[in-house]
>>> print(open('structure-v2.cif').read())   # mmCIF, C-alpha atoms
data_final
#
loop_
_atom_site.label_atom_id
_atom_site.label_comp_id
_atom_site.auth_asym_id
_atom_site.auth_seq_id
_atom_site.Cartn_x
_atom_site.Cartn_y
_atom_site.Cartn_z
CA MET A 240 135.59 134.15 14.79
CA SER A 241 139.16 133.17 14.12
CA ALA A 242 140.20 129.59 13.49
CA VAL A 243 140.93 127.50 16.57
CA SER A 244 143.72 124.93 16.50
CA ALA A 245 142.14 122.31 18.75
CA VAL A 246 139.26 122.20 21.19
CA LEU A 247 137.99 119.40 23.39
CA GLY A 248 134.39 118.39 24.12
CA VAL A 249 133.27 115.90 26.77
CA ASP A 250 129.85 114.34 27.32
CA SER A 251 129.45 112.44 30.61
CA GLY A 252 126.21 110.55 31.16
CA GLY A 253 124.60 107.38 32.37
CA SER A 254 126.07 105.31 29.54
CA GLY A 255 129.65 106.47 30.09
CA LEU A 256 132.03 109.13 28.83
CA ARG A 257 132.34 110.40 25.25
CA ILE A 258 135.25 112.62 24.28
CA ALA A 259 135.92 114.48 21.04
CA LEU A 260 138.84 116.53 19.82
CA GLY A 261 137.93 119.04 17.16
CA SER A 262 138.79 122.19 15.28
CA ALA A 263 136.64 125.18 14.47
CA ASP A 264 136.46 127.47 11.48
CA GLY A 265 133.77 130.06 11.89
CA ALA A 266 130.56 128.42 13.11
CA VAL A 267 131.58 125.00 11.75
CA VAL A 268 133.11 122.57 14.25
CA ARG A 269 134.85 119.50 12.85
CA THR A 270 135.61 116.42 14.94
CA THR A 271 139.15 115.16 14.44
CA GLY A 272 139.18 112.30 16.95
CA THR A 273 136.93 110.56 19.45
CA ALA A 274 137.23 108.27 22.47
CA THR A 275 134.66 106.55 24.66
CA SER A 276 134.40 104.86 28.03
CA THR A 277 131.37 102.73 28.86
CA GLU A 278 131.87 103.17 32.61
CA PRO A 279 129.70 105.99 33.98
CA VAL A 280 131.43 108.47 36.25
CA ARG A 281 130.67 107.59 39.86
CA THR A 282 128.33 109.69 41.95
CA GLY A 283 128.67 109.59 45.72
CA PRO A 284 127.21 111.38 48.76
CA SER A 285 129.12 114.55 47.85
CA GLY A 286 128.14 114.50 44.17
CA ILE A 287 129.90 113.58 40.94
CA ASP A 288 133.36 112.16 41.68
CA PRO A 289 135.97 114.44 40.02
CA ALA A 290 138.81 111.97 40.61
CA HIS A 291 136.94 109.21 38.78
CA LEU A 292 136.15 111.52 35.87
CA LEU A 293 139.80 112.57 35.57
CA GLU A 294 140.94 108.95 35.84
CA GLN A 295 138.98 108.14 32.67
CA LEU A 296 139.38 111.47 30.90
CA LEU A 297 143.08 112.28 31.06
CA PRO A 298 144.57 109.16 29.42
CA ALA A 299 141.99 109.33 26.62
CA VAL A 300 142.68 113.03 25.97
CA GLU A 301 146.44 112.55 25.98
CA ALA A 302 146.07 109.74 23.43
CA LEU A 303 143.83 111.89 21.21
CA LEU A 304 146.27 114.80 21.34
CA ALA A 305 149.19 112.52 20.52
CA ARG A 306 147.40 111.03 17.50
CA ALA A 307 146.48 114.48 16.25
CA GLY A 308 149.95 115.89 16.89
CA ALA A 309 148.32 118.68 18.89
CA GLU A 310 149.44 120.56 21.95
CA ALA A 311 147.10 121.53 24.79
CA PRO A 312 143.57 122.23 23.55
CA ALA A 313 142.71 125.90 23.24
CA ALA A 314 139.57 125.29 25.30
CA VAL A 315 137.67 122.44 26.94
CA ALA A 316 133.93 122.10 27.57
CA ILE A 317 132.63 119.32 29.81
CA GLY A 318 128.94 118.52 29.86
CA ALA A 319 127.76 116.17 32.58
CA ALA A 320 124.47 114.67 33.68
CA GLY A 321 123.84 115.91 37.20
CA MET A 322 126.15 118.93 36.86
CA ALA A 323 123.42 121.32 38.01
CA THR A 324 122.75 119.59 41.33
CA LEU A 325 125.76 117.29 41.87
CA GLY A 326 128.60 119.21 40.21
CA ASP A 327 130.14 121.17 43.11
CA GLY A 328 133.15 118.85 43.23
CA LEU A 329 133.75 119.19 39.50
CA ARG A 330 133.53 122.98 39.65
CA ALA A 331 135.95 123.03 42.58
CA GLU A 332 138.60 120.59 41.33
CA LEU A 333 138.61 120.35 37.54
CA PRO A 334 140.00 123.80 36.60
CA ALA A 335 143.28 123.34 38.50
CA ALA A 336 143.61 119.68 37.56
CA LEU A 337 143.14 120.26 33.84
CA GLU A 338 145.48 123.25 33.83
CA SER A 339 148.14 121.29 35.69
CA VAL A 340 148.06 118.18 33.50
CA LEU A 341 146.95 119.49 30.09
CA GLY A 342 147.74 123.18 30.29
CA VAL A 343 144.07 124.07 29.81
CA ARG A 344 143.47 127.80 30.37
CA ARG A 345 139.88 128.03 29.10
CA LEU A 346 137.30 125.66 30.58
CA ALA A 347 133.49 125.55 30.56
CA LEU A 348 131.49 123.23 32.82
CA ALA A 349 127.91 122.63 31.73
CA ALA A 350 124.85 120.61 32.58
CA ASP A 351 124.10 118.03 29.92
CA ALA A 352 120.92 119.96 29.08
CA VAL A 353 123.09 122.95 28.11
CA THR A 354 125.32 120.87 25.84
CA ALA A 355 122.18 119.31 24.35
CA TYR A 356 120.95 122.86 23.71
CA ALA A 357 124.22 123.95 22.10
CA GLY A 358 124.30 120.83 19.96
CA ALA A 359 120.73 121.33 18.81
CA LEU A 360 120.57 125.11 18.27
CA GLY A 361 124.07 126.47 18.74
CA GLN A 362 123.97 129.95 20.27
CA ARG A 363 120.58 131.01 18.93
CA PRO A 364 117.68 131.86 21.26
CA GLY A 365 115.05 129.13 21.47
CA ALA A 366 114.06 126.03 23.37
CA VAL A 367 115.30 122.46 23.36
CA VAL A 368 113.54 119.38 24.67
CA ALA A 369 115.97 116.57 25.43
CA ALA A 370 114.23 113.27 26.01
CA GLY A 371 115.47 109.73 26.47
CA THR A 372 114.97 107.79 29.67
CA GLY A 373 114.17 111.14 31.27
CA MET A 374 112.96 114.47 29.91
CA ILE A 375 114.12 118.05 30.39
CA ALA A 376 113.40 121.27 28.54
CA LEU A 377 115.74 124.25 28.45
CA GLY A 378 115.22 127.62 26.85
CA THR A 379 117.06 130.91 26.62
CA ASP A 380 116.76 134.39 25.19
CA LEU A 381 120.58 134.57 25.55
CA VAL A 382 120.14 136.58 28.76
CA THR A 383 118.92 133.91 31.17
CA TRP A 384 118.08 130.20 31.13
CA ARG A 385 114.66 128.72 31.81
CA ARG A 386 114.43 125.06 32.80
CA ALA A 387 111.42 122.75 33.09
CA ASP A 388 111.39 119.21 34.49
CA GLY A 389 114.38 116.91 34.47
CA TRP A 390 113.53 116.02 38.08
CA GLY A 391 113.95 112.25 37.77
CA HIS A 392 111.50 109.40 37.33
CA LEU A 393 109.90 109.73 40.79
CA LEU A 394 109.30 113.50 40.77
CA GLY A 395 109.05 114.30 37.08
CA ASP A 396 110.62 113.49 33.70
CA CYS A 397 107.00 113.58 32.53
CA GLY A 398 106.55 112.24 29.02
CA GLY A 399 110.04 110.70 28.93
CA GLY A 400 110.92 107.09 28.27
CA ALA A 401 110.61 105.88 31.86
CA TRP A 402 107.28 107.72 32.19
CA ILE A 403 105.91 106.10 29.02
CA GLY A 404 107.27 102.66 29.91
CA ARG A 405 105.81 102.78 33.41
CA ALA A 406 102.40 103.82 32.07
CA GLY A 407 102.52 100.96 29.57
CA LEU A 408 103.41 98.42 32.25
CA GLU A 409 100.64 99.74 34.48
CA ALA A 410 98.15 99.26 31.63
CA GLY A 411 99.40 95.70 31.26
CA MET A 412 98.93 95.03 34.97
CA ARG A 413 95.43 96.54 34.82
CA ALA A 414 94.55 94.11 32.04
CA TYR A 415 95.95 91.22 34.07
CA ASP A 416 93.73 92.23 37.02
CA GLY A 417 90.65 92.91 34.90
CA ARG A 418 90.55 96.59 35.91
CA ARG A 419 89.40 99.44 33.70
CA GLY A 420 92.08 101.12 31.61
CA GLY A 421 93.95 97.93 30.89
CA SER A 422 95.43 96.83 27.59
CA ALA A 423 95.57 93.21 26.51
CA ALA A 424 98.12 94.15 23.85
CA LEU A 425 100.45 95.75 26.39
CA LEU A 426 99.97 92.82 28.79
CA SER A 427 101.02 90.45 26.02
CA ARG A 428 104.12 92.49 25.21
CA MET A 429 104.99 92.92 28.91
CA GLU A 430 104.94 89.17 29.50
CA ALA A 431 106.89 88.53 26.31
CA VAL A 432 109.61 90.96 27.41
CA PHE A 433 109.71 90.48 31.19
CA GLY A 434 107.85 87.29 32.04
CA PRO A 435 104.64 86.52 33.97
CA ALA A 436 102.74 89.52 35.32
CA PRO A 437 102.77 88.43 39.01
CA GLU A 438 106.59 88.49 38.95
CA MET A 439 106.83 92.11 37.77
CA PRO A 440 107.25 93.76 41.20
CA GLY A 441 110.24 91.55 41.96
CA LEU A 442 111.75 92.31 38.57
CA VAL A 443 111.36 96.09 38.77
CA TYR A 444 111.44 97.35 42.35
CA PRO A 445 114.87 96.06 43.49
CA ARG A 446 116.67 97.34 40.38
CA THR A 447 119.12 100.19 40.87
CA ASP A 448 118.66 100.99 37.16
CA ARG A 449 114.88 101.13 37.46
CA PRO A 450 114.42 104.18 35.18
CA ALA A 451 116.26 102.40 32.35
CA VAL A 452 114.22 99.22 32.91
CA LEU A 453 110.98 101.20 32.71
CA ALA A 454 112.17 103.11 29.65
CA SER A 455 113.04 99.87 27.86
CA PHE A 456 109.29 99.21 27.55
CA ALA A 457 108.52 102.57 25.89
CA PRO A 458 109.24 101.26 22.35
CA GLU A 459 106.71 98.47 22.98
CA VAL A 460 104.07 101.11 23.77
CA ALA A 461 104.90 102.83 20.48
CA ARG A 462 104.65 99.56 18.55
CA CYS A 463 101.20 98.86 20.04
CA ALA A 464 99.87 102.41 19.57
CA PRO A 465 98.71 102.10 15.92
CA HIS A 466 96.26 99.32 16.84
CA ASP A 467 95.72 99.75 20.59
CA PRO A 468 93.78 102.78 21.90
CA VAL A 469 95.26 102.53 25.40
CA ALA A 470 98.84 102.66 24.08
CA ALA A 471 97.89 105.53 21.75
CA ALA A 472 96.36 107.44 24.68
CA ILE A 473 99.58 107.02 26.68
CA LEU A 474 101.60 108.60 23.87
CA ASP A 475 99.03 111.37 23.43
CA GLU A 476 99.41 112.22 27.11
CA ALA A 477 103.21 112.01 26.84
CA ALA A 478 103.05 114.52 23.98
CA LYS A 479 101.03 116.90 26.17
CA GLN A 480 103.56 116.58 28.99
CA VAL A 481 106.51 117.28 26.69
CA ALA A 482 104.66 120.24 25.18
CA ASP A 483 103.99 121.58 28.69
CA ALA A 484 107.74 121.67 29.33
CA ALA A 485 108.48 123.30 25.97
CA VAL A 486 105.87 126.00 26.55
CA ALA A 487 107.28 126.72 30.01
CA VAL A 488 110.79 127.49 28.68
CA CYS A 489 110.24 128.95 25.21
CA PRO A 490 111.45 132.56 25.18
CA GLN A 491 109.21 135.33 23.94
CA VAL A 492 111.09 135.97 20.73
CA GLU A 493 109.69 136.10 17.22
CA GLY A 494 110.06 132.85 15.31
CA CYS A 495 111.31 130.94 18.37
CA GLU A 496 112.81 127.60 17.40
CA VAL A 497 111.94 124.48 19.38
CA ALA A 498 114.33 121.58 18.81
CA LEU A 499 113.69 117.98 19.80
CA THR A 500 116.71 115.87 20.65
CA GLY A 501 117.36 112.51 22.29
CA GLY A 502 116.62 108.85 21.76
CA LEU A 503 112.95 109.05 22.74
CA PHE A 504 112.01 110.79 19.51
CA LYS A 505 113.34 107.85 17.50
CA MET A 506 109.99 106.21 18.33
CA GLY A 507 108.71 108.18 15.36
CA ASP A 508 105.17 109.06 14.38
CA PRO A 509 103.25 107.47 17.30
CA LEU A 510 104.81 110.15 19.53
CA LEU A 511 105.91 112.84 17.06
CA VAL A 512 102.53 113.31 15.33
CA PRO A 513 100.62 114.20 18.54
CA LEU A 514 103.60 116.18 19.84
CA ARG A 515 103.84 118.35 16.73
CA THR A 516 100.09 118.95 16.95
CA GLU A 517 100.40 120.03 20.59
CA LEU A 518 103.32 122.35 19.85
CA ALA A 519 101.55 123.92 16.87
CA ASP A 520 98.44 124.58 18.99
CA ARG A 521 100.24 125.91 22.05
CA LEU A 522 103.21 127.69 20.46
CA PRO A 523 101.74 128.96 17.20
CA GLY A 524 104.56 131.44 16.61
CA ALA A 525 107.33 128.89 17.10
CA ARG A 526 109.01 126.55 14.61
CA THR A 527 109.72 122.93 15.47
CA VAL A 528 113.11 122.02 14.04
CA SER A 529 115.40 119.02 14.02
CA ALA A 530 118.42 119.13 16.30
CA GLU A 531 121.59 120.02 14.41
CA GLY A 532 123.80 117.85 16.60
CA ASP A 533 124.02 115.88 19.82
CA PRO A 534 125.35 116.90 23.27
CA LEU A 535 128.94 115.97 22.34
CA THR A 536 128.68 118.32 19.36
CA GLY A 537 127.33 120.89 21.79
CA SER A 538 130.38 120.52 24.02
CA LEU A 539 132.66 121.09 21.04
CA ARG A 540 130.65 124.15 20.00
CA ILE A 541 130.91 125.65 23.50
CA ALA A 542 134.65 124.95 23.63
CA ALA A 543 135.21 126.52 20.20
CA ALA A 544 133.23 129.63 21.11
CA LEU A 545 135.07 129.91 24.42
CA ALA A 546 138.45 129.67 22.67
CA ALA A 547 137.47 132.40 20.22
CA GLY A 548 135.98 134.68 22.87
CA SER A 549 132.50 134.45 21.36
CA LEU A 550 130.56 132.37 23.90
CA ARG A 551 127.15 134.07 24.13
CA LEU A 552 125.21 131.43 26.08
CA PRO A 553 124.25 132.77 29.53
CA ARG A 554 126.53 131.98 32.45
CA ASP A 555 124.75 130.35 35.35
CA GLY A 556 126.03 129.15 38.71
CA ARG A 557 124.84 125.62 38.06
CA LEU A 558 123.92 125.23 34.39
CA LEU A 559 126.96 126.83 32.70
CA THR A 560 130.06 128.10 34.45
CA VAL A 561 133.36 129.31 33.02
CA PRO A 562 135.66 129.25 36.05
CA THR A 563 138.69 130.33 34.02
CA GLU A 564 137.04 133.68 33.22
CA GLN A 565 137.72 134.71 36.79
CA ASP A 566 141.45 134.58 36.05
CA GLU A 567 141.35 136.63 32.83
#
>>> encode(input="structure-v2.cif", output="structure tokens")
Amino acid sequence: MSAVSAVLGVDSGGSGLRIALGSADGAVVRTTGTATSTEPVRTGPSGIDPAHLLEQLLPAVEALLARAGAEAPAAVAIGAAGMATLGDGLRAELPAALESVLGVRRLALAADAVTAYAGALGQRPGAVVAAGTGMIALGTDLVTWRRADGWGHLLGDCGGGAWIGRAGLEAGMRAYDGRRGGSAALLSRMEAVFGPAPEMPGLVYPRTDRPAVLASFAPEVARCAPHDPVAAAILDEAAKQVADAAVAVCPQVEGCEVALTGGLFKMGDPLLVPLRTELADRLPGARTVSAEGDPLTGSLRIAAALAAGSLRLPRDGRLLTVPTEQDE
């Protein structure tokens, strides 16, 4: 792969927008400048708002290019939470807008799970579990993608932060009531963090950021796990749920790599020990590896490969599209 002068990666998620300008030499992508916005891109009835994304993105990119003394980036890759189901507006409007303002001729639009995959494993076949507030697994044999979960805290995200936090709060409420399955330790931590148990419904149910509120209690479950069997059982079950997703997407290739990425795994051994045991039992031919980089790194990697004509990750109508290929 030939050297690329400048490529642009974008990671749009619930905590805002992260942007990186980089260069590539072979398989190595180097970041040369970054910018952030803490305002998440709006989502409306018709999906992710392309005008709001461009409003935040364009000034930041122009400033990065000016500081680097660079012209238009050779390629851009934008990874966004919700791209798979809410990205029709982005796919329709971004190619023309970015070409008009920045002169971008090569553009990839990806679900955040795809950029998490590229950041973790690059363009190798394997499986990636991305877990934070939610949880999604994505795998590929470089022919097609396989996805498991990522369906949100009401329908799925099983084993993710909101799932663990909700189970921990339920155990606290069970202890408050005197029902079986309760945990005095988790009740104590719940009341220390949120206040009296009877007030919990009013604190949780009206919140528009309910998944994040639930997930904020997951670290408390991990802290209680070494000395509380109920908390330990919650994390054991979370490990089984995460392993279920990994098994569902892992391609049938020899020595398949399974990478774990995302803030949830910073909880450490209380979750990772049972998870590694589950993966070893259920995917005996696979290797669990550390993620090489984060989703922003993945966006840069996709952009660099696109610029060099070496993007091997499968195209998909929702997970990974390269609208500019239609014009080449």
>>> closest_residue(input="structure-v2.cif", among="A:Gly261, A:Gly328, A:Pro364, A:Pro450", to="A:Leu293", atoms="all atoms listed in the file")
A:Gly328
>>> atom_distance(input="structure-v2.cif", atom1="atom CA of A:Ala302", atom2="atom CA of A:Ala335")
20.5 Å
>>> resolve_selection(input="structure-v2.cif", expression="the PyMOL selection byres ((chain A and resi 540-554) around 9)", output="ChimeraX atom specification")
/A:240-243,245-248,261-264,266-268,313-317,345-347,353-354,357-358,361-364,379-384,535-539,555-561
>>> resolve_selection(input="structure-v2.cif", expression="the PyMOL selection byres ((chain A and resi 517) around 10)", output="number ranges by chain")
A: 475, 478-483, 511-516, 518-523
>>> write_last_selection(input="structure-v2.cif", atoms="C-alpha atoms", output="short mmCIF file (atom, residue, chain, number, x, y, z; two decimals), in the frame of the given file")
data_model
loop_
_atom_site.label_atom_id
_atom_site.label_comp_id
_atom_site.auth_asym_id
_atom_site.auth_seq_id
_atom_site.Cartn_x
_atom_site.Cartn_y
_atom_site.Cartn_z
CA ASP A 475 99.03 111.37 23.43
CA ALA A 478 103.05 114.52 23.98
CA LYS A 479 101.03 116.90 26.17
CA GLN A 480 103.56 116.58 28.99
CA VAL A 481 106.51 117.28 26.69
CA ALA A 482 104.66 120.24 25.18
CA ASP A 483 103.99 121.58 28.69
CA LEU A 511 105.91 112.84 17.06
CA VAL A 512 102.53 113.31 15.33
CA PRO A 513 100.62 114.20 18.54
CA LEU A 514 103.60 116.18 19.84
CA ARG A 515 103.84 118.35 16.73
CA THR A 516 100.09 118.95 16.95
CA LEU A 518 103.32 122.35 19.85
CA ALA A 519 101.55 123.92 16.87
CA ASP A 520 98.44 124.58 18.99
CA ARG A 521 100.24 125.91 22.05
CA LEU A 522 103.21 127.69 20.46
CA PRO A 523 101.74 128.96 17.20
#
>>> resolve_selection(input="structure-v2.cif", expression="the PyMOL selection byres ((chain A and resi 285) around 9)", output="list in words")
Thr282, Gly283, Pro284, Gly286, Ile287, Asp288, Leu325, Gly326, Asp327 and Gly328 of chain A
>>> decode(input="structure-v2.cif", residues="stretch 550-561 of chain A", atoms="all heavy atoms", output="compact mmCIF listing (two decimals), in the first residue's frame")
# COMPACT_ATOMS: atom_id res chain seq x y z
N LEU A 550 -9.23 -1.56 0.70
CA LEU A 550 -10.26 -1.84 1.70
C LEU A 550 -10.89 -3.20 1.42
O LEU A 550 -11.57 -3.39 0.42
CB LEU A 550 -11.32 -0.73 1.69
CG LEU A 550 -12.43 -0.86 2.74
CD1 LEU A 550 -11.84 -0.85 4.15
CD2 LEU A 550 -13.46 0.24 2.57
N ARG A 551 -10.65 -4.15 2.33
CA ARG A 551 -11.11 -5.53 2.13
C ARG A 551 -12.32 -5.88 3.00
O ARG A 551 -12.89 -6.96 2.86
CB ARG A 551 -9.97 -6.51 2.44
CG ARG A 551 -8.80 -6.38 1.48
CD ARG A 551 -7.78 -7.47 1.70
NE ARG A 551 -7.14 -7.36 3.00
CZ ARG A 551 -7.05 -8.32 3.90
NH1 ARG A 551 -7.60 -9.50 3.64
NH2 ARG A 551 -6.43 -8.14 5.04
N LEU A 552 -12.70 -5.01 3.92
CA LEU A 552 -13.86 -5.29 4.76
C LEU A 552 -15.11 -5.32 3.89
O LEU A 552 -15.25 -4.53 2.96
CB LEU A 552 -14.00 -4.24 5.86
CG LEU A 552 -12.86 -4.21 6.89
CD1 LEU A 552 -13.07 -3.05 7.86
CD2 LEU A 552 -12.77 -5.53 7.65
N PRO A 553 -16.03 -6.24 4.18
CA PRO A 553 -17.20 -6.41 3.29
C PRO A 553 -18.09 -5.17 3.25
O PRO A 553 -18.36 -4.56 4.28
CB PRO A 553 -17.96 -7.60 3.91
CG PRO A 553 -16.98 -8.29 4.79
CD PRO A 553 -16.03 -7.24 5.27
N ARG A 554 -18.52 -4.82 2.03
CA ARG A 554 -19.52 -3.76 1.90
C ARG A 554 -20.88 -4.32 2.32
O ARG A 554 -21.18 -5.49 2.11
CB ARG A 554 -19.60 -3.24 0.47
CG ARG A 554 -18.26 -2.94 -0.18
CD ARG A 554 -17.41 -1.94 0.61
NE ARG A 554 -16.32 -1.44 -0.24
CZ ARG A 554 -15.09 -1.92 -0.22
NH1 ARG A 554 -14.76 -2.93 0.59
NH2 ARG A 554 -14.15 -1.42 -1.01
N ASP A 555 -21.68 -3.46 2.89
CA ASP A 555 -22.99 -3.87 3.38
C ASP A 555 -23.90 -2.65 3.32
O ASP A 555 -23.47 -1.54 3.66
CB ASP A 555 -22.88 -4.41 4.81
CG ASP A 555 -24.21 -4.84 5.40
OD1 ASP A 555 -24.95 -3.97 5.89
OD2 ASP A 555 -24.51 -6.04 5.37
N GLY A 556 -25.15 -2.85 2.93
CA GLY A 556 -26.05 -1.72 2.75
C GLY A 556 -26.25 -0.87 3.97
O GLY A 556 -26.56 0.32 3.87
N ARG A 557 -26.05 -1.44 5.14
CA ARG A 557 -26.24 -0.68 6.37
C ARG A 557 -24.99 -0.59 7.23
O ARG A 557 -24.74 0.43 7.86
CB ARG A 557 -27.38 -1.29 7.20
CG ARG A 557 -28.74 -1.16 6.54
CD ARG A 557 -29.87 -1.57 7.44
NE ARG A 557 -31.17 -1.31 6.82
CZ ARG A 557 -31.80 -0.14 6.85
NH1 ARG A 557 -31.24 0.88 7.47
NH2 ARG A 557 -32.96 0.01 6.26
N LEU A 558 -24.19 -1.63 7.26
CA LEU A 558 -23.04 -1.64 8.16
C LEU A 558 -21.84 -0.89 7.60
O LEU A 558 -21.14 -0.18 8.34
CB LEU A 558 -22.64 -3.08 8.49
CG LEU A 558 -23.63 -3.87 9.34
CD1 LEU A 558 -23.19 -5.33 9.44
CD2 LEU A 558 -23.77 -3.27 10.72
N LEU A 559 -21.56 -1.03 6.31
CA LEU A 559 -20.41 -0.36 5.70
C LEU A 559 -20.71 -0.08 4.23
O LEU A 559 -20.82 -1.00 3.42
CB LEU A 559 -19.15 -1.22 5.80
CG LEU A 559 -17.89 -0.66 5.13
CD1 LEU A 559 -17.49 0.68 5.73
CD2 LEU A 559 -16.73 -1.65 5.23
N THR A 560 -20.86 1.19 3.91
CA THR A 560 -21.10 1.59 2.54
C THR A 560 -19.99 2.53 2.07
O THR A 560 -19.44 3.29 2.86
CB THR A 560 -22.46 2.29 2.37
OG1 THR A 560 -22.50 3.47 3.19
CG2 THR A 560 -23.60 1.37 2.77
N VAL A 561 -19.68 2.44 0.78
CA VAL A 561 -18.70 3.33 0.17
C VAL A 561 -19.40 3.97 -1.03
O VAL A 561 -19.24 3.53 -2.17
CB VAL A 561 -17.43 2.57 -0.24
CG1 VAL A 561 -16.39 3.54 -0.79
CG2 VAL A 561 -16.85 1.80 0.93
